[in-house]
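A.B. asks: Structure file protein06.txt, compact mmCIF, C-alpha atoms and all ligand atoms, is pasted below:
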```txt
# COMPACT_ATOMS: atom_id res chain seq x y z
CA MET A 3 -2.07 -2.23 -21.34
CA TYR A 4 -3.96 0.99 -21.47
CA LEU A 5 -7.66 1.25 -21.75
CA GLY A 6 -7.95 4.00 -24.35
CA ILE A 7 -8.52 1.65 -27.25
CA PHE A 8 -11.50 0.09 -25.58
CA VAL A 9 -13.22 3.28 -24.66
CA GLU A 10 -14.11 3.84 -28.30
CA SER A 11 -15.62 0.38 -28.46
CA ILE A 12 -18.07 0.46 -25.60
CA ASN A 13 -20.96 -0.57 -27.79
CA TYR A 14 -19.68 -4.13 -27.65
CA ASN A 15 -22.36 -6.14 -26.13
CA THR A 16 -20.92 -8.33 -23.46
CA MET A 17 -20.84 -8.34 -19.75
CA ILE A 18 -17.34 -9.55 -19.17
CA PHE A 19 -16.10 -7.09 -21.75
CA LEU A 20 -16.47 -4.61 -18.98
CA CYS A 21 -13.77 -6.50 -17.15
CA LEU A 22 -11.37 -4.82 -19.47
CA PHE A 23 -12.32 -1.57 -17.76
CA HIS A 24 -11.27 -2.90 -14.36
CA VAL A 25 -14.44 -4.68 -13.47
CA MET A 26 -15.39 -7.11 -10.79
CA ILE A 27 -18.21 -9.58 -11.25
CA ALA A 28 -20.03 -9.54 -7.94
CA ASN A 29 -22.24 -12.47 -8.87
CA ALA A 30 -23.79 -13.93 -11.98
CA GLN A 31 -26.41 -11.22 -12.20
CA GLU A 32 -24.71 -8.17 -10.85
CA VAL A 33 -21.79 -6.29 -12.36
CA VAL A 34 -19.64 -3.87 -10.42
CA ILE A 35 -17.57 -1.51 -12.50
CA ARG A 36 -14.93 1.00 -11.58
CA VAL A 37 -14.62 3.95 -13.96
CA ASN A 38 -13.33 7.46 -13.67
CA GLY A 39 -15.73 10.25 -14.51
CA GLY A 40 -18.62 9.73 -12.12
CA PRO A 41 -22.15 8.35 -12.45
CA SER A 42 -22.77 9.88 -15.87
CA VAL A 43 -19.93 7.86 -17.40
CA ALA A 44 -21.07 4.72 -15.60
CA ARG A 45 -24.63 5.27 -16.84
CA HIS A 46 -23.36 5.79 -20.38
CA LEU A 47 -21.27 2.61 -20.24
CA ALA A 48 -24.24 0.69 -18.89
CA GLU A 49 -26.47 1.77 -21.76
CA LYS A 50 -23.86 1.04 -24.37
CA SER A 51 -23.15 -2.42 -23.05
CA GLY A 52 -26.70 -3.61 -22.43
CA HIS A 53 -26.99 -3.04 -18.68
CA TYR A 54 -29.14 -1.08 -16.26
CA TYR A 55 -27.33 1.50 -14.20
CA ILE A 56 -28.22 0.88 -10.54
CA GLY A 57 -26.03 3.29 -8.59
CA PRO A 58 -22.78 3.79 -6.73
CA VAL A 59 -21.32 1.20 -4.36
CA MET A 60 -21.32 2.80 -0.94
CA GLY A 61 -17.88 3.53 0.40
CA PHE A 62 -16.05 3.06 -2.91
CA VAL A 63 -15.00 5.96 -5.08
CA ASP A 64 -15.96 5.74 -8.76
CA THR A 65 -17.49 2.28 -8.34
CA TYR A 66 -20.98 1.47 -9.64
CA ILE A 67 -23.40 -1.43 -9.84
CA LEU A 68 -24.99 -2.47 -13.14
CA LEU A 69 -27.47 -5.21 -13.91
CA PRO A 70 -27.67 -6.98 -17.23
CA VAL A 71 -30.71 -6.06 -19.31
CA ARG A 72 -32.96 -9.07 -19.83
CA GLU A 73 -32.71 -8.70 -23.59
CA SER A 74 -29.01 -9.39 -23.51
CA HIS A 75 -29.71 -12.69 -21.75
CA GLN A 76 -32.12 -13.74 -24.46
CA LYS A 77 -29.75 -12.85 -27.24
CA ARG A 78 -26.98 -14.77 -25.62
CA GLY A 79 -28.76 -18.01 -26.34
CA THR A 80 -29.34 -17.47 -30.03
CA ASN A 81 -26.43 -15.36 -31.17
CA SER A 82 -23.56 -16.87 -29.30
CA LYS A 83 -20.47 -17.48 -31.36
CA GLN A 84 -17.64 -19.90 -30.94
CA LEU A 85 -15.41 -17.61 -28.95
CA VAL A 86 -12.04 -18.41 -30.46
CA TYR A 87 -13.11 -20.72 -33.24
CA ASP A 88 -14.64 -17.91 -35.27
CA ALA A 89 -11.27 -16.18 -35.38
CA ARG A 90 -9.31 -19.37 -36.03
CA ASP A 91 -7.35 -19.71 -39.24
CA PRO A 92 -6.73 -23.37 -40.22
CA GLU A 93 -3.83 -22.40 -42.47
CA ILE A 94 -1.75 -21.31 -39.51
CA SER A 95 -2.84 -24.04 -37.09
CA TRP A 96 -1.01 -27.27 -36.35
CA ASP A 97 -0.98 -30.00 -33.74
CA CYS A 98 2.65 -30.91 -33.03
CA ASN A 99 1.60 -33.52 -30.47
CA GLU A 100 -0.70 -35.53 -32.71
CA GLY A 101 0.85 -34.57 -36.05
CA ASP A 102 -2.41 -33.31 -37.57
CA ASN A 103 -3.83 -29.94 -38.53
CA ASP A 104 -6.48 -29.78 -35.79
CA PRO A 105 -5.03 -28.34 -32.56
CA TYR A 106 -8.32 -28.74 -30.68
CA PRO A 107 -7.40 -29.25 -27.00
CA ARG A 108 -7.55 -32.75 -25.55
CA TYR A 109 -10.22 -32.64 -22.86
CA ASP A 110 -9.51 -34.30 -19.55
CA ALA A 111 -11.21 -34.31 -16.17
CA SER A 112 -9.03 -31.59 -14.70
CA GLN A 113 -9.32 -29.38 -17.79
CA SER A 114 -5.54 -29.12 -17.80
CA ASN A 115 -5.31 -28.14 -21.47
CA SER A 116 -7.04 -24.77 -21.20
CA HIS A 117 -3.87 -22.67 -21.40
CA GLY A 118 -3.69 -22.10 -25.16
CA THR A 119 -7.41 -21.33 -25.47
CA ARG A 120 -7.13 -18.78 -22.68
CA CYS A 121 -4.10 -17.10 -24.24
CA ALA A 122 -5.62 -17.03 -27.74
CA GLY A 123 -8.82 -15.35 -26.56
CA GLU A 124 -7.01 -12.40 -25.03
CA ALA A 125 -5.47 -11.52 -28.37
CA ALA A 126 -8.22 -12.42 -30.82
CA MET A 127 -11.53 -13.37 -29.19
CA ALA A 128 -14.40 -12.74 -31.62
CA ALA A 129 -16.17 -9.44 -31.02
CA ASN A 130 -19.92 -9.15 -30.32
CA ASN A 131 -20.15 -12.75 -29.20
CA TRP A 132 -22.95 -12.15 -26.63
CA LYS A 133 -21.11 -14.30 -24.22
CA CYS A 134 -17.73 -13.09 -23.11
CA GLY A 135 -15.12 -10.39 -23.64
CA VAL A 136 -13.42 -9.23 -26.79
CA GLY A 137 -9.85 -9.84 -27.95
CA VAL A 138 -7.49 -6.87 -27.99
CA ALA A 139 -7.06 -7.36 -31.75
CA PHE A 140 -10.50 -8.83 -32.44
CA ASN A 141 -10.11 -8.54 -36.22
CA ALA A 142 -6.96 -10.64 -36.15
CA LYS A 143 -6.91 -14.23 -37.29
CA VAL A 144 -5.44 -16.62 -34.79
CA GLY A 145 -3.83 -20.00 -35.34
CA GLY A 146 -3.35 -22.62 -32.68
CA VAL A 147 -0.13 -24.59 -32.54
CA LYS A 148 -0.49 -27.36 -30.00
CA MET A 149 2.84 -28.42 -28.53
CA LEU A 150 2.67 -28.73 -24.74
CA ASP A 151 0.39 -31.78 -24.51
CA GLY A 152 3.26 -34.27 -24.59
CA LEU A 153 7.04 -34.40 -24.63
CA VAL A 154 8.46 -31.07 -25.84
CA THR A 155 11.53 -31.61 -28.02
CA ASP A 156 13.74 -29.19 -29.92
CA ARG A 157 12.11 -30.45 -33.12
CA ILE A 158 8.64 -29.61 -31.81
CA GLU A 159 9.79 -26.17 -30.68
CA GLY A 160 11.39 -25.54 -34.06
CA THR A 161 8.22 -26.59 -35.85
CA ALA A 162 6.03 -24.41 -33.63
CA LEU A 163 8.23 -21.32 -33.92
CA SER A 164 8.39 -21.52 -37.68
CA TYR A 165 4.93 -22.84 -38.47
CA ALA A 166 3.45 -21.08 -41.53
CA GLN A 167 6.22 -18.52 -41.35
CA ASP A 168 5.09 -17.00 -44.65
CA LEU A 169 1.65 -16.23 -43.18
CA VAL A 170 2.15 -15.52 -39.48
CA ASP A 171 2.95 -11.97 -38.34
CA ILE A 172 3.18 -12.53 -34.58
CA TYR A 173 4.03 -15.62 -32.54
CA SER A 174 3.03 -15.53 -28.89
CA ALA A 175 4.71 -18.02 -26.59
CA SER A 176 3.68 -18.49 -22.96
CA TRP A 177 6.07 -21.34 -22.22
CA GLY A 178 9.74 -21.94 -21.47
CA PRO A 179 12.21 -23.73 -19.19
CA ASN A 180 11.03 -25.00 -15.81
CA ASP A 181 10.47 -22.19 -13.33
CA ASP A 182 12.13 -24.15 -10.53
CA GLY A 183 14.97 -21.78 -9.69
CA LYS A 184 17.57 -24.28 -10.95
CA THR A 185 17.06 -24.79 -14.66
CA VAL A 186 19.28 -22.87 -17.05
CA ASP A 187 18.06 -23.53 -20.57
CA GLY A 188 17.48 -21.94 -23.94
CA PRO A 189 16.50 -22.74 -27.48
CA GLY A 190 18.17 -25.76 -29.07
CA ARG A 191 19.51 -25.79 -32.62
CA LEU A 192 16.18 -26.11 -34.41
CA ALA A 193 14.34 -23.62 -32.21
CA LEU A 194 17.16 -21.09 -32.64
CA GLU A 195 17.15 -21.61 -36.41
CA ALA A 196 13.41 -21.05 -36.44
CA LEU A 197 13.76 -17.75 -34.56
CA GLU A 198 16.59 -16.57 -36.82
CA ARG A 199 14.69 -17.47 -39.97
CA GLY A 200 11.56 -15.87 -38.54
CA VAL A 201 13.08 -12.42 -38.01
CA LYS A 202 14.94 -12.61 -41.33
CA GLU A 203 12.31 -14.00 -43.69
CA GLY A 204 8.99 -13.63 -41.86
CA ARG A 205 6.52 -10.91 -42.85
CA LYS A 206 8.14 -10.71 -46.31
CA GLY A 207 11.50 -9.77 -44.84
CA LYS A 208 10.24 -7.35 -42.18
CA GLY A 209 10.56 -10.09 -39.61
CA ALA A 210 8.07 -12.09 -37.57
CA VAL A 211 7.48 -10.73 -34.07
CA TYR A 212 8.04 -13.21 -31.23
CA ILE A 213 6.33 -12.30 -27.96
CA TRP A 214 7.39 -14.30 -24.92
CA ALA A 215 6.04 -14.56 -21.37
CA SER A 216 8.79 -13.76 -18.87
CA GLY A 217 8.08 -16.68 -16.53
CA ASN A 218 6.27 -17.37 -13.27
CA GLY A 219 9.10 -18.66 -11.07
CA GLY A 220 9.20 -15.76 -8.62
CA ARG A 221 8.20 -17.95 -5.69
CA ASN A 222 11.17 -20.27 -6.41
CA ASN A 223 13.57 -17.35 -6.86
CA ASP A 224 13.77 -18.29 -10.52
CA ASN A 225 15.60 -15.73 -12.64
CA CYS A 226 14.67 -15.03 -16.23
CA ASN A 227 18.33 -14.33 -17.02
CA CYS A 228 18.61 -18.13 -17.00
CA ASP A 229 15.98 -18.41 -19.74
CA GLY A 230 17.65 -18.31 -23.14
CA TYR A 231 14.34 -17.96 -25.02
CA LEU A 232 13.84 -14.62 -23.30
CA ALA A 233 17.48 -13.55 -23.53
CA SER A 234 17.43 -13.93 -27.32
CA PRO A 235 17.33 -10.54 -29.10
CA TYR A 236 14.71 -12.02 -31.44
CA THR A 237 12.09 -12.36 -28.71
CA ILE A 238 10.13 -9.66 -26.91
CA SER A 239 9.94 -10.58 -23.27
CA ILE A 240 6.78 -9.45 -21.47
CA GLY A 241 6.25 -9.55 -17.71
CA SER A 242 3.25 -8.68 -15.54
CA ALA A 243 1.98 -5.91 -13.30
CA SER A 244 -0.98 -6.34 -10.97
CA GLN A 245 -4.08 -4.15 -11.25
CA LYS A 246 -2.55 -1.95 -8.53
CA GLY A 247 0.64 -1.53 -10.55
CA GLU A 248 2.64 -3.81 -8.29
CA PHE A 249 5.17 -6.51 -9.10
CA PRO A 250 3.35 -9.83 -8.69
CA TRP A 251 4.53 -12.60 -6.40
CA TYR A 252 5.22 -14.93 -9.34
CA GLY A 253 7.23 -12.38 -11.37
CA GLU A 254 10.88 -12.80 -12.33
CA ALA A 255 13.34 -9.93 -12.67
CA CYS A 256 16.04 -9.83 -15.34
CA ALA A 257 17.78 -7.79 -18.01
CA SER A 258 15.80 -9.07 -21.00
CA THR A 259 12.31 -7.94 -19.90
CA LEU A 260 11.18 -5.29 -22.37
CA ALA A 261 7.83 -4.27 -20.83
CA VAL A 262 4.83 -5.51 -18.84
CA THR A 263 1.07 -5.72 -19.27
CA TYR A 264 -1.58 -6.27 -16.62
CA SER A 265 -2.24 -9.69 -15.15
CA SER A 266 -3.12 -11.28 -11.84
CA GLY A 267 -1.47 -10.18 -8.61
CA ALA A 268 -2.19 -10.60 -4.93
CA TYR A 269 -5.06 -12.81 -3.75
CA LYS A 270 -7.79 -10.17 -4.03
CA ASP A 271 -6.53 -8.59 -7.25
CA GLN A 272 -8.47 -9.22 -10.42
CA MET A 273 -7.30 -11.73 -12.97
CA ILE A 274 -7.71 -11.69 -16.72
CA ALA A 275 -11.04 -12.40 -18.45
CA THR A 276 -10.77 -14.53 -21.57
CA THR A 277 -12.03 -17.58 -23.44
CA ASP A 278 -11.99 -21.02 -21.87
CA LEU A 279 -12.63 -24.65 -22.73
CA ASN A 280 -16.17 -25.69 -23.71
CA ASN A 281 -16.68 -22.38 -25.49
CA GLU A 282 -17.00 -20.65 -22.14
CA CYS A 283 -15.42 -17.67 -20.43
CA THR A 284 -13.09 -17.45 -17.50
CA THR A 285 -12.27 -14.45 -15.36
CA LYS A 286 -9.33 -16.25 -13.81
CA HIS A 287 -6.48 -16.38 -16.31
CA THR A 288 -3.22 -15.61 -14.51
CA GLY A 289 0.52 -15.08 -14.58
CA THR A 290 2.87 -13.85 -17.27
CA SER A 291 1.17 -16.35 -19.59
CA ALA A 292 -1.74 -13.92 -19.60
CA SER A 293 0.49 -10.90 -20.19
CA ALA A 294 2.26 -12.00 -23.38
CA PRO A 295 -0.96 -12.44 -25.44
CA LEU A 296 -2.13 -8.95 -24.43
CA ALA A 297 1.15 -7.62 -25.81
CA ALA A 298 0.66 -9.74 -28.95
CA GLY A 299 -2.79 -8.19 -29.41
CA ILE A 300 -1.42 -4.67 -29.00
CA ILE A 301 1.35 -5.37 -31.52
CA ALA A 302 -1.24 -6.77 -33.94
CA LEU A 303 -3.05 -3.42 -33.75
CA ALA A 304 0.26 -1.62 -34.35
CA LEU A 305 0.96 -3.75 -37.44
CA GLU A 306 -2.57 -3.07 -38.65
CA ALA A 307 -1.83 0.66 -38.27
CA ASN A 308 1.56 0.43 -40.01
CA ILE A 309 2.33 -2.70 -41.99
CA ASN A 310 5.89 -1.53 -42.68
CA LEU A 311 7.13 -1.97 -39.11
CA THR A 312 10.05 -4.37 -38.83
CA TRP A 313 10.59 -6.74 -35.90
CA ARG A 314 13.11 -4.23 -34.55
CA ASP A 315 10.78 -1.26 -35.03
CA VAL A 316 8.33 -3.07 -32.77
CA GLN A 317 10.94 -3.35 -30.01
CA HIS A 318 11.83 0.34 -30.36
CA LEU A 319 8.16 1.31 -30.21
CA ILE A 320 7.66 -0.66 -27.00
CA VAL A 321 10.68 1.05 -25.43
CA TRP A 322 9.51 4.51 -26.47
CA THR A 323 5.86 4.19 -25.46
CA SER A 324 5.75 1.94 -22.39
CA GLU A 325 5.01 3.89 -19.24
CA LEU A 326 6.79 4.32 -15.97
CA ALA A 327 4.01 6.37 -14.31
CA PRO A 328 1.53 3.54 -13.41
CA LEU A 329 4.42 1.58 -11.82
CA VAL A 330 6.33 4.45 -10.28
CA ASN A 331 5.76 3.32 -6.68
CA ASN A 332 7.98 0.28 -7.19
CA VAL A 333 11.65 0.30 -6.28
CA GLY A 334 14.39 -0.34 -8.82
CA TRP A 335 13.87 2.28 -11.54
CA GLN A 336 17.03 3.55 -13.19
CA GLN A 337 17.55 5.94 -16.07
CA ASN A 338 19.93 4.87 -18.82
CA SER A 339 22.12 7.22 -20.83
CA ALA A 340 19.59 7.39 -23.64
CA GLY A 341 17.16 8.87 -21.11
CA PHE A 342 14.85 5.84 -20.80
CA TRP A 343 13.70 4.64 -17.41
CA PHE A 344 13.90 0.90 -16.92
CA ASN A 345 13.51 -1.63 -14.16
CA ASP A 346 14.63 -5.26 -14.07
CA ARG A 347 11.13 -6.23 -13.01
CA PHE A 348 9.12 -4.16 -15.51
CA GLY A 349 11.48 -3.47 -18.41
CA PHE A 350 10.63 -0.04 -19.82
CA GLY A 351 7.22 0.04 -18.14
CA LEU A 352 3.56 -0.75 -18.72
CA MET A 353 2.60 -1.13 -22.38
CA ASN A 354 0.32 1.64 -23.58
CA ALA A 355 -1.73 0.47 -26.57
CA HIS A 356 -2.94 3.92 -27.55
CA GLY A 357 0.52 5.44 -27.30
CA LEU A 358 2.15 2.60 -29.18
CA ILE A 359 -0.33 2.63 -32.05
CA THR A 360 -0.17 6.42 -32.35
CA ALA A 361 3.62 6.24 -32.51
CA ALA A 362 3.46 3.31 -34.96
CA ASN A 363 1.41 5.39 -37.39
CA LYS A 364 4.23 7.83 -38.00
CA TRP A 365 7.20 5.63 -37.20
CA VAL A 366 10.26 5.83 -39.48
CA THR A 367 11.93 2.43 -39.80
CA VAL A 368 15.20 2.14 -37.91
CA PRO A 369 18.45 1.78 -39.91
CA GLU A 370 19.86 -1.62 -40.82
CA ARG A 371 20.99 -3.81 -37.95
CA LYS A 372 24.75 -3.98 -37.46
CA SER A 373 26.50 -6.44 -35.25
CA CYS A 374 29.89 -5.71 -33.69
CA LYS A 375 31.80 -8.56 -32.06
CA VAL A 376 34.49 -8.03 -29.47
CA HIS A 377 36.77 -10.87 -28.45
CA VAL A 378 38.26 -10.76 -24.99
CA ILE A 379 40.64 -13.49 -23.97
CA GLN A 380 41.09 -13.77 -20.25
CA ARG A 381 42.26 -17.22 -19.42
CA ASN A 382 43.46 -18.61 -16.13
CA MET A 383 42.28 -15.78 -13.96
CA ASN A 384 43.58 -16.27 -10.48
CA ASN A 385 41.35 -18.85 -8.78
CA THR A 386 41.07 -16.75 -5.68
CA ALA A 387 40.12 -13.65 -7.63
CA VAL A 388 36.40 -14.38 -7.34
CA ALA A 389 35.09 -14.99 -3.85
CA SER A 390 32.12 -13.93 -1.81
CA GLY A 391 32.31 -10.16 -1.42
CA TYR A 392 35.36 -9.92 -3.70
CA PRO A 393 34.15 -9.38 -7.23
CA THR A 394 36.46 -9.40 -10.21
CA LYS A 395 36.15 -6.65 -12.75
CA LEU A 396 36.91 -7.19 -16.41
CA VAL A 397 37.10 -4.16 -18.69
CA ILE A 398 36.10 -4.82 -22.29
CA PRO A 399 37.42 -2.06 -24.55
CA THR A 400 35.51 -1.47 -27.79
CA THR A 401 34.94 1.34 -30.28
CA GLY A 402 31.71 -0.29 -31.49
CA CYS A 403 33.63 -1.31 -34.66
CA ARG A 404 33.97 2.34 -35.65
CA GLY A 405 34.93 2.92 -39.28
CA SER A 406 34.01 -0.60 -40.39
CA ASN A 407 30.92 -2.10 -42.00
CA HIS A 408 29.85 -3.31 -38.58
CA GLU A 409 29.88 0.08 -36.89
CA VAL A 410 27.21 0.31 -34.19
CA ARG A 411 25.91 3.82 -33.58
CA TYR A 412 22.84 3.09 -31.45
CA LEU A 413 22.88 0.14 -29.12
CA GLU A 414 19.91 -2.25 -29.11
CA HIS A 415 21.13 -5.50 -27.59
CA VAL A 416 24.25 -6.71 -25.87
CA GLU A 417 25.06 -10.41 -25.75
CA VAL A 418 27.89 -11.78 -23.65
CA ARG A 419 29.18 -15.27 -24.32
CA THR A 420 31.43 -16.56 -21.63
CA SER A 421 32.73 -19.80 -20.26
CA ILE A 422 33.30 -19.84 -16.51
CA ASN A 423 34.17 -22.63 -14.13
CA TYR A 424 32.97 -22.07 -10.59
CA THR A 425 32.07 -24.51 -7.87
CA ILE A 426 28.67 -23.10 -6.84
CA ARG A 427 26.72 -22.04 -9.87
CA GLY A 428 23.93 -20.32 -7.99
CA ALA A 429 26.34 -18.11 -6.06
CA LEU A 430 27.86 -16.53 -9.15
CA GLU A 431 26.51 -13.32 -10.58
CA ILE A 432 27.65 -11.43 -13.68
CA LEU A 433 26.90 -7.73 -13.90
CA LEU A 434 27.37 -5.90 -17.17
CA GLU A 435 28.03 -2.17 -16.94
CA SER A 436 28.01 0.21 -19.89
CA PRO A 437 30.76 2.85 -20.23
CA SER A 438 28.28 5.42 -18.93
CA GLY A 439 27.67 3.37 -15.80
CA ASN A 440 24.31 1.64 -16.31
CA CA A 501 -5.34 -32.99 -33.18
CA CA A 502 11.64 -18.74 -15.43
CA CA A 503 14.37 -11.19 -25.77
```
The structure given in the file should be rewritten as structure tokens.

C.D. replies:
Amino acid sequence: MYLGIFVESINYNTMIFLCLFHVMIANAQEVVIRVNGGPSVARHLAEKSGHYYIGPVMGFVDTYILLPVRESHQKRGTNSKQLVYDARDPEISWDCNEGDNDPYPRYDASQSNSHGTRCAGEAAMAANNWKCGVGVAFNAKVGGVKMLDGLVTDRIEGTALSYAQDLVDIYSASWGPNDDGKTVDGPGRLALEALERGVKEGRKGKGAVYIWASGNGGRNNDNCNCDGYLASPYTISIGSASQKGEFPWYGEACASTLAVTYSSGAYKDQMIATTDLNNECTTKHTGTSASAPLAAGIIALALEANINLTWRDVQHLIVWTSELAPLVNNVGWQQNSAGFWFNDRFGFGLMNAHGLITAANKWVTVPERKSCKVHVIQRNMNNTAVASGYPTKLVIPTTGCRGSNHEVRYLEHVEVRTSINYTIRGALEILLESPSGN
């Protein structure tokens, strides 16, 4: 996520808001900010956000200390808003676990049900709340669909992914199959139907946008190619980059990742500031769970700028405007034949809110989606053909259904359905290569 959109909003009145500008909270009283532009910019930011400018931090370039103005402390007591509640829309909220329309989290001693509240705040936290940050799309309404506080069935997933489909523009999901490095799973019948109906009928036929967190199984060598929710063309898979533009330890690399936004990284890297249980703030939201809602907020701004965008336009916009430059020091970048740089760990790069919204303003909707199916029958391949170090190559000839109603002229997604018997599942790898070699 880029910071341009916030720079115009520096009169927002909160301390942790400054976190969105790459800020560290040194202690409860003192704020340390890092901004480009020298002391004059830091002083200006301090004034606009209700702080005293103290001075530079010795030994750190472009880093300054601010102190909250006493007045802002006083106001906090009287003016504080319910951080997410003020933005909550009951019409699009549902509790799948209790079967009622109040998704309020169940409080327990370990505060284990904070995840949804934290994700929601990133996208839609009320502005000017005198308490915490501000959501990326702070004018957006947000619904809560509670579904992870109990057994998660296909029926519950289907209900969640289609809830209030006539009202919801963007669904943000920070959940999926176990990140244990073994599970291969995807949407069941009802969840798949919900996704299909969503992109077809949602947003009055322009298609609901499904944003999905790419998973946190990096430590277990989990691979998001084994996550069918992400692999679906209907979902936009969002991974994470640390504040230093590095691939985080929990990240997963795979073909379906479309882009990344900032989130936590190494031990000393900052995490994400957002709403928390008890109408409080946290500065410690982490993982790809924290990245997907930032993308959802950015897309909400794009839809606000151009209501005509379809679910596919949104994917194209992300591909066109996400940035390689902040992540360029990582290995694994390749250029495809359309000229786009991509990386299995970062997709097409770091989402740039300003760039995406600017492009959305003048975007011309992409042509109708065509789907070309190619059947390849290759039975009884020699059992010894696939062995360690001896790959088997299968050429799939296609014209892209040229001359028919299904003719594909610009490729968006490729899906391969295959049935393979092999003794050691984890040792088998399938690589798909385009005719141009990517
Ligand atoms: Ca309830
Ligand atoms: Ca995973
Ligand atoms: Ca996807």

A.B. asks: Considering all atoms listed in the file, can you say which of A:Phe62, A:Tyr231, A:Tyr252, A:Tyr55 comes closest to A:Asp187?

C.D. replies: A:Tyr231

A.B. asks: Using all atoms listed in the file, which residues of the polymer chains come no farther than 8 Å from ligand CA 502 (chain A)? I'd like the answer as a PDB file with C-alpha atoms, in the coordinates of the input.

C.D. replies:
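Writing the result to part-v1.pdb gives the following:
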```pdb
ATOM      1  CA  GLY A 178       9.740 -21.940 -21.470  1.00  0.00           C
ATOM      2  CA  PRO A 179      12.210 -23.730 -19.190  1.00  0.00           C
ATOM      3  CA  ASN A 180      11.030 -25.000 -15.810  1.00  0.00           C
ATOM      4  CA  ASP A 181      10.470 -22.190 -13.330  1.00  0.00           C
ATOM      5  CA  ASP A 182      12.130 -24.150 -10.530  1.00  0.00           C
ATOM      6  CA  GLY A 183      14.970 -21.780  -9.690  1.00  0.00           C
ATOM      7  CA  SER A 216       8.790 -13.760 -18.870  1.00  0.00           C
ATOM      8  CA  GLY A 217       8.080 -16.680 -16.530  1.00  0.00           C
ATOM      9  CA  ASN A 218       6.270 -17.370 -13.270  1.00  0.00           C
ATOM     10  CA  GLY A 219       9.100 -18.660 -11.070  1.00  0.00           C
ATOM     11  CA  GLY A 220       9.200 -15.760  -8.620  1.00  0.00           C
ATOM     12  CA  ASP A 224      13.770 -18.290 -10.520  1.00  0.00           C
ATOM     13  CA  ASN A 225      15.600 -15.730 -12.640  1.00  0.00           C
ATOM     14  CA  CYS A 226      14.670 -15.030 -16.230  1.00  0.00           C
ATOM     15  CA  CYS A 228      18.610 -18.130 -17.000  1.00  0.00           C
ATOM     16  CA  ASP A 229      15.980 -18.410 -19.740  1.00  0.00           C
ATOM     17  CA  GLU A 254      10.880 -12.800 -12.330  1.00  0.00           C
TER      18      GLU A 254
END
```

A.B. asks: Atom CA of A:Gln167 and atom CA of A:Arg199, how far apart in Å?

C.D. replies: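 About the pair atom CA of A:Arg199 and atom CA of A:Gln167: they are 8.6 Å apart.
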
A.B. asks: Would you please work out which residue, of A:Pro41, A:Ser164, A:Gly188, A:Asn222, is nearest to A:Glu203 when using all atoms listed in the file?

C.D. replies: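 Among the listed residues, A:Ser164 lies closest to A:Glu203.
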
A.B. asks: For A:Ile94, list every protein, DNA or RNA residue within 12 Å, evaluated using only C-alpha atoms, and leave out those in the same chain fewer than 4 positions away; present the list as number ranges by chain.

C.D. replies: A: 89-90, 103-105, 143-148, 161-173

A.B. asks: Could you give me, as a tab-separated table, every chain A residue with an atom at most 9 Å from ligand CA 501 (chain A), plus its closest atom pair and distance in Å to one decimal, counting all atoms listed in the file, rows ordered by chain then number?

C.D. replies:
```
residue	atom	partner	partner_atom	distance
A:Trp96	CA	A:CA501	CA	7.8
A:Asp97	CA	A:CA501	CA	5.3
A:Cys98	CA	A:CA501	CA	8.3
A:Asn99	CA	A:CA501	CA	7.5
A:Glu100	CA	A:CA501	CA	5.3
A:Gly101	CA	A:CA501	CA	7.0
A:Asp102	CA	A:CA501	CA	5.3
A:Asn103	CA	A:CA501	CA	6.3
A:Asp104	CA	A:CA501	CA	4.3
A:Pro105	CA	A:CA501	CA	4.7
A:Tyr106	CA	A:CA501	CA	5.8
A:Pro107	CA	A:CA501	CA	7.5
A:Arg108	CA	A:CA501	CA	7.9
A:Lys148	CA	A:CA501	CA	8.1
```

A.B. asks: Please rebuild stretch 411-418 of chain A with N, CA and C atoms and give the result as a short mmCIF file (atom, residue, chain, number, x, y, z; two decimals), in the frame of the given file.

C.D. replies:
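Dumped to out.cif:
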```cif
data_model
loop_
_atom_site.label_atom_id
_atom_site.label_comp_id
_atom_site.auth_asym_id
_atom_site.auth_seq_id
_atom_site.Cartn_x
_atom_site.Cartn_y
_atom_site.Cartn_z
N ARG A 411 26.06 2.43 -34.05
CA ARG A 411 25.91 3.82 -33.58
C ARG A 411 24.87 3.93 -32.47
N TYR A 412 23.86 3.10 -32.51
CA TYR A 412 22.84 3.09 -31.45
C TYR A 412 22.71 1.65 -30.95
N LEU A 413 22.83 1.50 -29.66
CA LEU A 413 22.88 0.14 -29.12
C LEU A 413 21.48 -0.40 -28.86
N GLU A 414 21.21 -1.60 -29.39
CA GLU A 414 19.91 -2.25 -29.11
C GLU A 414 20.07 -3.39 -28.11
N HIS A 415 20.95 -4.31 -28.44
CA HIS A 415 21.13 -5.50 -27.59
C HIS A 415 22.61 -5.73 -27.34
N VAL A 416 22.90 -6.25 -26.17
CA VAL A 416 24.25 -6.71 -25.87
C VAL A 416 24.17 -8.18 -25.49
N GLU A 417 25.00 -8.99 -26.11
CA GLU A 417 25.06 -10.41 -25.75
C GLU A 417 26.46 -10.71 -25.27
N VAL A 418 26.57 -11.37 -24.14
CA VAL A 418 27.89 -11.78 -23.65
C VAL A 418 27.96 -13.29 -23.68
#
```
